[in-house]
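See below for structure33.cif, which holds mmCIF, C-alpha atoms.
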data_query
loop_
_atom_site.group_PDB
_atom_site.id
_atom_site.type_symbol
_atom_site.label_atom_id
_atom_site.label_comp_id
_atom_site.auth_asym_id
_atom_site.auth_seq_id
_atom_site.Cartn_x
_atom_site.Cartn_y
_atom_site.Cartn_z
ATOM 1 C CA MET A 180 4.152 -22.356 -13.692
ATOM 2 C CA ALA A 181 6.273 -19.791 -11.886
ATOM 3 C CA SER A 182 5.611 -19.392 -8.150
ATOM 4 C CA SER A 183 5.438 -15.606 -8.614
ATOM 5 C CA LEU A 184 5.477 -12.920 -11.298
ATOM 6 C CA SER A 185 5.823 -9.148 -11.117
ATOM 7 C CA ILE A 186 3.307 -7.282 -13.273
ATOM 8 C CA TYR A 187 3.569 -3.549 -13.981
ATOM 9 C CA ARG A 188 0.863 -1.308 -15.436
ATOM 10 C CA THR A 189 2.223 1.022 -18.136
ATOM 11 C CA ALA A 190 0.722 3.415 -20.656
ATOM 12 C CA THR A 191 0.967 0.777 -23.429
ATOM 13 C CA GLY A 192 -0.151 -2.264 -21.485
ATOM 14 C CA ALA A 193 1.362 -4.569 -18.918
ATOM 15 C CA VAL A 194 4.995 -5.568 -18.489
ATOM 16 C CA VAL A 195 5.654 -8.844 -16.709
ATOM 17 C CA GLN A 196 8.902 -9.983 -15.137
ATOM 18 C CA ASP A 197 9.924 -13.445 -14.053
ATOM 19 C CA GLY A 198 13.299 -14.968 -13.306
ATOM 20 C CA ALA A 199 14.083 -15.274 -17.019
ATOM 21 C CA GLY A 200 13.248 -11.812 -18.352
ATOM 22 C CA SER A 201 10.648 -9.133 -19.101
ATOM 23 C CA TYR A 202 7.644 -9.477 -21.410
ATOM 24 C CA ALA A 203 5.359 -6.875 -22.981
ATOM 25 C CA LEU A 204 1.614 -7.480 -22.999
ATOM 26 C CA HIS A 205 0.542 -4.635 -25.299
ATOM 27 C CA GLY A 206 -3.077 -3.645 -24.929
ATOM 28 C CA PHE A 207 -3.535 -5.822 -21.845
ATOM 29 C CA ALA A 208 -6.834 -5.043 -20.074
ATOM 30 C CA TRP A 209 -5.692 -4.269 -16.532
ATOM 31 C CA ASP A 210 -9.058 -4.972 -14.914
ATOM 32 C CA SER A 211 -8.967 -8.543 -16.254
ATOM 33 C CA LEU A 212 -6.223 -9.230 -13.716
ATOM 34 C CA PHE A 213 -8.814 -8.718 -10.972
ATOM 35 C CA HIS A 214 -11.616 -10.535 -12.777
ATOM 36 C CA ASP A 215 -9.719 -13.804 -13.259
ATOM 37 C CA SER A 216 -10.037 -16.445 -10.554
ATOM 38 C CA ALA A 217 -6.437 -17.604 -11.150
ATOM 39 C CA PRO A 218 -4.471 -14.618 -12.540
ATOM 40 C CA LEU A 219 -1.007 -16.084 -11.909
ATOM 41 C CA ALA A 220 -1.782 -19.038 -14.170
ATOM 42 C CA ALA A 221 -3.437 -16.771 -16.759
ATOM 43 C CA ILE A 222 -0.462 -14.395 -16.974
ATOM 44 C CA THR A 223 1.960 -17.325 -17.126
ATOM 45 C CA ARG A 224 0.133 -18.528 -20.239
ATOM 46 C CA LEU A 225 0.144 -15.062 -21.814
ATOM 47 C CA ILE A 226 3.879 -14.453 -21.468
ATOM 48 C CA ALA A 227 4.636 -17.746 -23.219
ATOM 49 C CA GLY A 228 3.853 -16.022 -26.527
ATOM 50 C CA ALA A 229 4.656 -12.417 -25.581
ATOM 51 C CA ALA A 230 7.382 -10.214 -27.029
ATOM 52 C CA THR A 231 10.440 -9.457 -24.945
ATOM 53 C CA HIS A 232 10.343 -6.053 -23.275
ATOM 54 C CA HIS A 233 13.500 -3.961 -23.638
ATOM 55 C CA GLY A 234 14.474 -0.872 -21.698
ATOM 56 C CA ALA A 235 13.253 0.704 -18.473
ATOM 57 C CA ILE A 236 9.713 0.146 -17.221
ATOM 58 C CA GLN A 237 7.716 3.368 -16.887
ATOM 59 C CA ALA A 238 5.283 2.090 -14.304
ATOM 60 C CA LEU A 239 1.950 3.674 -13.482
ATOM 61 C CA ALA A 240 0.024 3.079 -10.271
ATOM 62 C CA PRO A 241 -1.238 -0.521 -10.386
ATOM 63 C CA SER A 242 -4.842 0.636 -9.839
ATOM 64 C CA LEU A 243 -7.208 1.448 -12.703
ATOM 65 C CA HIS A 244 -10.762 0.945 -11.394
ATOM 66 C CA GLN A 245 -9.728 -0.521 -8.046
ATOM 67 C CA GLU A 246 -10.597 1.206 -4.773
ATOM 68 C CA VAL A 247 -7.955 1.419 -2.049
ATOM 69 C CA TRP A 248 -8.903 0.586 1.537
ATOM 70 C CA ALA A 249 -6.729 0.493 4.634
ATOM 71 C CA ALA A 250 -6.481 -1.182 8.028
ATOM 72 C CA GLY A 251 -5.263 0.564 11.157
ATOM 73 C CA VAL A 252 -3.783 -0.379 14.527
ATOM 74 C CA THR A 253 -2.537 -3.731 13.239
ATOM 75 C CA TYR A 254 0.987 -3.349 14.661
ATOM 76 C CA TYR A 255 1.788 -2.736 18.331
ATOM 77 C CA ARG A 256 3.925 0.277 17.363
ATOM 78 C CA SER A 257 1.057 1.908 15.479
ATOM 79 C CA ARG A 258 -1.227 1.301 18.449
ATOM 80 C CA ASP A 259 1.167 3.221 20.712
ATOM 81 C CA ALA A 260 1.582 6.061 18.211
ATOM 82 C CA ARG A 261 -2.159 6.498 17.719
ATOM 83 C CA MET A 262 -2.740 6.465 21.488
ATOM 84 C CA GLU A 263 -0.071 9.112 21.999
ATOM 85 C CA GLU A 264 -1.264 11.461 19.248
ATOM 86 C CA SER A 265 -4.877 11.334 20.446
ATOM 87 C CA LYS A 266 -4.425 11.420 24.225
ATOM 88 C CA GLY A 267 -5.343 15.112 24.371
ATOM 89 C CA ALA A 268 -8.707 14.248 22.806
ATOM 90 C CA GLY A 269 -9.321 11.351 25.179
ATOM 91 C CA GLY A 270 -8.698 8.777 22.475
ATOM 92 C CA GLY A 271 -5.863 6.800 24.067
ATOM 93 C CA ASP A 272 -8.002 3.941 25.339
ATOM 94 C CA PHE A 273 -9.963 4.060 22.084
ATOM 95 C CA TYR A 274 -7.014 2.686 20.074
ATOM 96 C CA ALA A 275 -5.951 0.174 22.718
ATOM 97 C CA ARG A 276 -9.415 -1.344 22.524
ATOM 98 C CA VAL A 277 -9.265 -1.496 18.715
ATOM 99 C CA TYR A 278 -5.923 -3.301 18.863
ATOM 100 C CA GLU A 279 -7.359 -6.004 21.139
ATOM 101 C CA ALA A 280 -10.785 -6.275 19.472
ATOM 102 C CA VAL A 281 -11.893 -9.076 17.182
ATOM 103 C CA ARG A 282 -13.134 -6.579 14.578
ATOM 104 C CA PRO A 283 -10.287 -4.642 12.883
ATOM 105 C CA GLU A 284 -10.279 -0.951 12.017
ATOM 106 C CA LEU A 285 -10.943 -0.583 8.278
ATOM 107 C CA PHE A 286 -11.395 2.667 6.381
ATOM 108 C CA TYR A 287 -11.736 3.909 2.825
ATOM 109 C CA LYS A 288 -8.421 5.345 1.684
ATOM 110 C CA SER A 289 -8.663 6.350 -1.970
ATOM 111 C CA SER A 290 -10.524 6.221 -5.244
ATOM 112 C CA PRO A 291 -8.308 5.315 -8.219
ATOM 113 C CA HIS A 292 -7.944 8.876 -9.555
ATOM 114 C CA ARG A 293 -6.446 10.057 -6.243
ATOM 115 C CA VAL A 294 -3.714 7.392 -6.155
ATOM 116 C CA ALA A 295 -0.081 8.444 -6.661
ATOM 117 C CA GLY A 296 1.967 6.015 -8.735
ATOM 118 C CA PRO A 297 5.709 5.330 -8.535
ATOM 119 C CA GLY A 298 7.902 8.346 -9.235
ATOM 120 C CA THR A 299 5.027 10.813 -8.877
ATOM 121 C CA GLY A 300 4.152 13.199 -6.084
ATOM 122 C CA VAL A 301 2.343 12.508 -2.839
ATOM 123 C CA ARG A 302 0.774 15.421 -0.984
ATOM 124 C CA ILE A 303 0.558 16.782 2.534
ATOM 125 C CA ARG A 304 -2.500 18.761 3.565
ATOM 126 C CA LYS A 305 -2.180 22.559 3.659
ATOM 127 C CA ASP A 306 -4.227 22.673 6.864
ATOM 128 C CA SER A 307 -1.982 20.207 8.723
ATOM 129 C CA GLN A 308 1.303 20.744 10.548
ATOM 130 C CA TRP A 309 2.270 17.143 11.327
ATOM 131 C CA ASN A 310 2.434 14.752 8.382
ATOM 132 C CA VAL A 311 4.111 11.368 7.976
ATOM 133 C CA PRO A 312 4.247 8.499 5.493
ATOM 134 C CA GLU A 313 3.015 5.101 6.597
ATOM 135 C CA PRO A 314 4.746 2.257 4.701
ATOM 136 C CA GLU A 315 2.468 -0.746 4.345
ATOM 137 C CA LEU A 316 2.272 -4.140 2.716
ATOM 138 C CA THR A 317 -0.782 -3.855 0.475
ATOM 139 C CA LEU A 318 -2.978 -6.735 -0.616
ATOM 140 C CA ALA A 319 -4.290 -7.000 -4.188
ATOM 141 C CA ILE A 320 -7.756 -8.568 -4.035
ATOM 142 C CA ASN A 321 -9.749 -9.899 -6.992
ATOM 143 C CA ARG A 322 -13.512 -9.763 -7.512
ATOM 144 C CA HIS A 323 -13.794 -13.168 -5.850
ATOM 145 C CA ASN A 324 -12.447 -11.695 -2.578
ATOM 146 C CA ARG A 325 -9.195 -13.621 -2.916
ATOM 147 C CA ILE A 326 -5.688 -12.253 -2.363
ATOM 148 C CA ILE A 327 -3.939 -12.526 -5.727
ATOM 149 C CA GLY A 328 -0.734 -10.724 -4.818
ATOM 150 C CA TYR A 329 0.973 -7.856 -3.055
ATOM 151 C CA THR A 330 2.164 -4.335 -3.695
ATOM 152 C CA ILE A 331 3.595 -1.474 -1.621
ATOM 153 C CA GLY A 332 1.396 1.227 -0.138
ATOM 154 C CA ASN A 333 2.121 4.620 1.391
ATOM 155 C CA ASP A 334 -0.757 5.680 3.641
ATOM 156 C CA MET A 335 0.025 9.399 3.929
ATOM 157 C CA SER A 336 -1.375 10.683 7.218
ATOM 158 C CA SER A 337 -1.966 14.020 8.955
ATOM 159 C CA ARG A 338 -1.306 13.041 12.547
ATOM 160 C CA ASP A 339 -2.364 16.335 14.120
ATOM 161 C CA ILE A 340 -5.796 16.254 12.455
ATOM 162 C CA GLU A 341 -6.456 12.676 13.491
ATOM 163 C CA GLY A 342 -5.062 13.340 16.957
ATOM 164 C CA GLU A 343 -7.420 16.254 17.489
ATOM 165 C CA ASN A 344 -10.394 13.905 17.257
ATOM 166 C CA PRO A 345 -10.568 10.279 16.037
ATOM 167 C CA LEU A 346 -13.686 11.212 14.047
ATOM 168 C CA TYR A 347 -11.463 13.345 11.817
ATOM 169 C CA LEU A 348 -9.687 10.244 10.487
ATOM 170 C CA PRO A 349 -11.240 10.508 6.971
ATOM 171 C CA GLN A 350 -9.813 14.030 6.608
ATOM 172 C CA ALA A 351 -6.436 12.956 7.985
ATOM 173 C CA LYS A 352 -6.206 9.969 5.653
ATOM 174 C CA SER A 353 -8.190 10.627 2.470
ATOM 175 C CA TYR A 354 -7.372 13.465 0.102
ATOM 176 C CA ASP A 355 -5.790 13.923 -3.333
ATOM 177 C CA GLN A 356 -2.528 11.982 -3.725
ATOM 178 C CA ALA A 357 -2.580 10.703 -0.158
ATOM 179 C CA ALA A 358 -2.214 7.075 -1.264
ATOM 180 C CA GLY A 359 1.020 5.962 -2.902
ATOM 181 C CA LEU A 360 0.861 2.576 -4.630
ATOM 182 C CA GLY A 361 3.318 0.478 -6.638
ATOM 183 C CA PRO A 362 5.628 -0.139 -8.332
ATOM 184 C CA CYS A 363 4.069 -3.474 -9.378
ATOM 185 C CA ILE A 364 1.871 -6.290 -8.169
ATOM 186 C CA LEU A 365 3.732 -9.392 -7.102
ATOM 187 C CA LEU A 366 1.376 -12.126 -8.310
ATOM 188 C CA THR A 367 1.696 -15.189 -6.113
ATOM 189 C CA ASP A 368 -0.413 -17.859 -4.449
ATOM 190 C CA GLU A 369 1.864 -17.846 -1.406
ATOM 191 C CA MET A 370 1.964 -15.535 1.597
ATOM 192 C CA LEU A 371 5.181 -13.593 2.033
ATOM 193 C CA PRO A 372 7.271 -15.067 4.871
ATOM 194 C CA PRO A 373 7.043 -13.444 8.343
ATOM 195 C CA SER A 374 10.693 -12.397 8.072
ATOM 196 C CA THR A 375 9.884 -10.087 5.121
ATOM 197 C CA GLU A 376 11.176 -6.601 5.910
ATOM 198 C CA ILE A 377 9.367 -3.323 5.277
ATOM 199 C CA ARG A 378 11.806 -0.400 5.214
ATOM 200 C CA VAL A 379 11.292 3.321 4.655
ATOM 201 C CA ILE A 380 13.953 5.971 4.039
ATOM 202 C CA ILE A 381 13.007 9.657 4.029
ATOM 203 C CA SER A 382 15.520 12.066 2.488
ATOM 204 C CA ARG A 383 15.638 15.850 2.426
ATOM 205 C CA GLY A 384 18.145 17.039 -0.134
ATOM 206 C CA ALA A 385 21.304 15.024 0.468
ATOM 207 C CA LYS A 386 20.374 14.328 4.107
ATOM 208 C CA GLU A 387 18.717 11.173 5.359
ATOM 209 C CA MET A 388 16.008 12.308 7.777
ATOM 210 C CA PHE A 389 14.616 8.946 8.840
ATOM 211 C CA ASN A 390 15.373 5.274 8.273
ATOM 212 C CA GLY A 391 13.143 2.653 9.855
ATOM 213 C CA ALA A 392 12.096 -0.942 9.357
ATOM 214 C CA THR A 393 9.783 -3.615 10.658
ATOM 215 C CA ALA A 394 8.930 -7.189 9.666
ATOM 216 C CA LEU A 395 5.680 -8.902 8.749
ATOM 217 C CA SER A 396 6.102 -11.036 11.862
ATOM 218 C CA GLN A 397 4.968 -7.954 13.821
ATOM 219 C CA LEU A 398 1.634 -7.770 11.965
ATOM 220 C CA LYS A 399 -0.973 -8.878 14.496
ATOM 221 C CA ARG A 400 -3.800 -9.733 12.100
ATOM 222 C CA LYS A 401 -3.634 -12.228 9.256
ATOM 223 C CA PRO A 402 -4.179 -10.729 5.787
ATOM 224 C CA GLU A 403 -7.005 -13.198 5.114
ATOM 225 C CA GLU A 404 -8.732 -11.996 8.287
ATOM 226 C CA LEU A 405 -8.598 -8.368 7.119
ATOM 227 C CA VAL A 406 -9.980 -9.304 3.690
ATOM 228 C CA GLU A 407 -12.796 -11.331 5.250
ATOM 229 C CA PHE A 408 -13.976 -8.353 7.327
ATOM 230 C CA LEU A 409 -13.622 -5.942 4.394
ATOM 231 C CA THR A 410 -15.697 -8.068 2.040
ATOM 232 C CA ARG A 411 -18.394 -9.203 4.463
ATOM 233 C CA GLU A 412 -20.993 -6.707 3.249
ATOM 234 C CA MET A 413 -19.267 -5.084 0.249
ATOM 235 C CA SER A 414 -18.668 -6.266 -3.280
ATOM 236 C CA PHE A 415 -15.632 -5.345 -5.365
ATOM 237 C CA PRO A 416 -16.576 -6.105 -9.003
ATOM 238 C CA ASP A 417 -13.187 -4.848 -10.248
ATOM 239 C CA GLY A 418 -11.197 -5.971 -7.238
ATOM 240 C CA GLY A 419 -9.357 -3.640 -4.919
ATOM 241 C CA PHE A 420 -6.394 -3.000 -2.659
ATOM 242 C CA LEU A 421 -6.122 -3.202 1.122
ATOM 243 C CA MET A 422 -3.249 -1.576 2.999
ATOM 244 C CA THR A 423 -2.488 -3.675 6.081
ATOM 245 C CA GLY A 424 -1.257 -1.030 8.538
ATOM 246 C CA THR A 425 2.129 0.271 9.565
ATOM 247 C CA GLY A 426 4.687 -0.732 12.143
ATOM 248 C CA ILE A 427 7.062 2.160 11.388
ATOM 249 C CA VAL A 428 6.419 5.558 12.969
ATOM 250 C CA PRO A 429 8.903 8.474 12.717
ATOM 251 C CA PRO A 430 9.645 10.401 15.928
ATOM 252 C CA ASN A 431 7.056 12.935 17.042
ATOM 253 C CA ALA A 432 9.379 15.836 16.238
ATOM 254 C CA PHE A 433 9.455 14.854 12.551
ATOM 255 C CA THR A 434 7.078 16.081 9.875
ATOM 256 C CA LEU A 435 7.284 15.848 6.106
ATOM 257 C CA LEU A 436 8.082 18.918 4.031
ATOM 258 C CA SER A 437 7.630 19.627 0.333
ATOM 259 C CA GLY A 438 10.538 18.141 -1.602
ATOM 260 C CA ASP A 439 11.128 15.233 0.783
ATOM 261 C CA ARG A 440 11.726 11.899 -0.938
ATOM 262 C CA ILE A 441 10.101 8.747 0.424
ATOM 263 C CA ALA A 442 11.430 5.322 -0.559
ATOM 264 C CA ILE A 443 9.604 2.238 0.732
ATOM 265 C CA THR A 444 11.144 -1.159 0.031
ATOM 266 C CA ILE A 445 9.571 -4.585 0.453
ATOM 267 C CA LEU A 446 11.494 -7.397 -1.200
ATOM 268 C CA PRO A 447 10.683 -9.156 -3.467
ATOM 269 C CA ILE A 448 8.114 -6.526 -4.557
ATOM 270 C CA GLY A 449 10.613 -3.699 -5.049
ATOM 271 C CA THR A 450 10.757 -0.039 -4.026
ATOM 272 C CA LEU A 451 8.028 2.607 -4.175
ATOM 273 C CA GLU A 452 9.508 6.097 -4.469
ATOM 274 C CA ASN A 453 7.567 9.350 -4.247
ATOM 275 C CA THR A 454 8.374 13.002 -3.662
ATOM 276 C CA VAL A 455 6.271 15.205 -1.405
ATOM 277 C CA ILE A 456 4.682 18.089 -3.330
#

Show the structure stored in the file as structure tokens.
Amino acid sequence: MASSLSIYRTATGAVVQDGAGSYALHGFAWDSLFHDSAPLAAITRLIAGAATHHGAIQALAPSLHQEVWAAGVTYYRSRDARMEESKGAGGGDFYARVYEAVRPELFYKSSPHRVAGPGTGVRIRKDSQWNVPEPELTLAINRHNRIIGYTIGNDMSSRDIEGENPLYLPQAKSYDQAAGLGPCILLTDEMLPPSTEIRVIISRGAKEMFNGATALSQLKRKPEELVEFLTREMSFPDGGFLMTGTGIVPPNAFTLLSGDRIAITILPIGTLENTVI
């Protein structure tokens, strides 16, 4: 069995890639990926008799009936940024305490119909003046509360709304097309190595506006720890996704504008690209 496979959701079913090629699973029931206790083994068996896929993959968001949740203040850099944006509202110490606490910050990010897939548009709020992408390793979790793989998440955030009052976080984080997800799920039973890089490039026309990177070694909390807290008192019958927080924060003078292109790369998952609309 392969140690990892990349599985894409498309309009005609799933497309799976391994080191040898691409395979089409026409009519594949996407939710079954999250119902299976051992999806890597199950998909390995399916591709043994699958037809070869030819041509480009037109990937959809890898969520069908899966909720998207998110964790915050999991990197030291995000702790500092959240303290700075909220200091006028007296929230600076608030985030420092979250960073050091045993219990992580977890919040509901998106229902499936609000998720933006690869190549589609992500939005900024009309009532916000300071908006940024937050590139995040995202965990794919099955109905048995087990991490089955990884994808890339973009936790679009309105920093001025959240900074005005920490209680406004749901409005700053959750709205239509505020969660980018994709381009695939990397199915694997192994954790990505700490050296894995997360990089984001923001372009405006032909100009590169921001280029930043961090590594998973800077993630304070273990992914299994985040999943354990998330699933303590909640069931996920169709599985779900959990964004693990960001360690990349653009300078305070920067805000996204309509037309900006956001490219987030985490190898070996790939690159999630979206345009701000």

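Using only C-alpha atoms, the protein and nucleic acid residues lying no more than 12 Å from A:Thr189, apart from those fewer than 5 places from it along its own chain, are A:Val194, A:Val195, A:Ala203, A:Leu204, A:His205, A:Gly206, A:Phe207, A:Ala208, A:Trp209, A:His232, A:Ala235, A:Ile236, A:Gln237, A:Ala238, A:Leu239, A:Ala240, A:Pro241, A:Ser242, A:Leu243, A:Gly296, A:Pro297, A:Gly361, A:Pro362, A:Cys363.
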
- Message: Could you tell me, as a PyMOL selection string, exactly which residues end up selected when the PyMOL selection byres ((chain A and resi 424-438) around 6) is applied to this structure?
- Response: chain A and resi 250-251+253-254+256-257+309-311+313-315+422-423+439+454-456

- Do you know which residues the PyMOL selection byres ((chain A and resi 420) around 12) returns on this file, as an NGL selection string? :A and (213 or 240-250 or 286-291 or 294 or 315-322 or 324-332 or 358-361 or 364 or 402 or 405-406 or 409-410 or 415 or 417-419 or 421-423)

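Neighbours of A:Leu348 closer than or equal to 12 Å, with all atoms listed in the file counted and sequence neighbours fewer than 3 positions away skipped, come out as Ala249, Gly251, Arg261, Ser265, Glu284, Leu285, Phe286, Tyr287, Lys288, Met335, Ser336, Ser337, Arg338, Asp339, Ile340, Glu341, Gly342, Glu343, Asn344, Pro345, Ala351, Lys352, Ser353 and Tyr354 of chain A.
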
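In this comparison, which uses all atoms listed in the file, the residue of A:Asp210, A:Asp355, A:Glu376, A:Asp334 approaching A:Ile441 most closely is A:Asp334.
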
- Message: When the PyMOL selection byres ((chain A and resi 367) around 7) is applied to the structure above, which residues does it catch, written out as a list of chain:residue names?
- Response: A:Ser182, A:Ser183, A:Leu184, A:Leu219, A:Ile327, A:Gly328, A:Leu365, A:Leu366, A:Asp368, A:Glu369

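Relative to atom CA of A:Ala275, atom CA of A:Met388 is found at 29.2 Å.
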
Step by step, gather every atom of stretch 312-320 of chain A that the file lists, find the box along x, y and z that holds them, add 3 Å on each side, and finally give centre and edge lengths in Å to one decimal, as JSON.
{"center_x": -1.5, "center_y": 0.0, "center_z": 1.2, "size_x": 18.5, "size_y": 23.1, "size_z": 16.8}
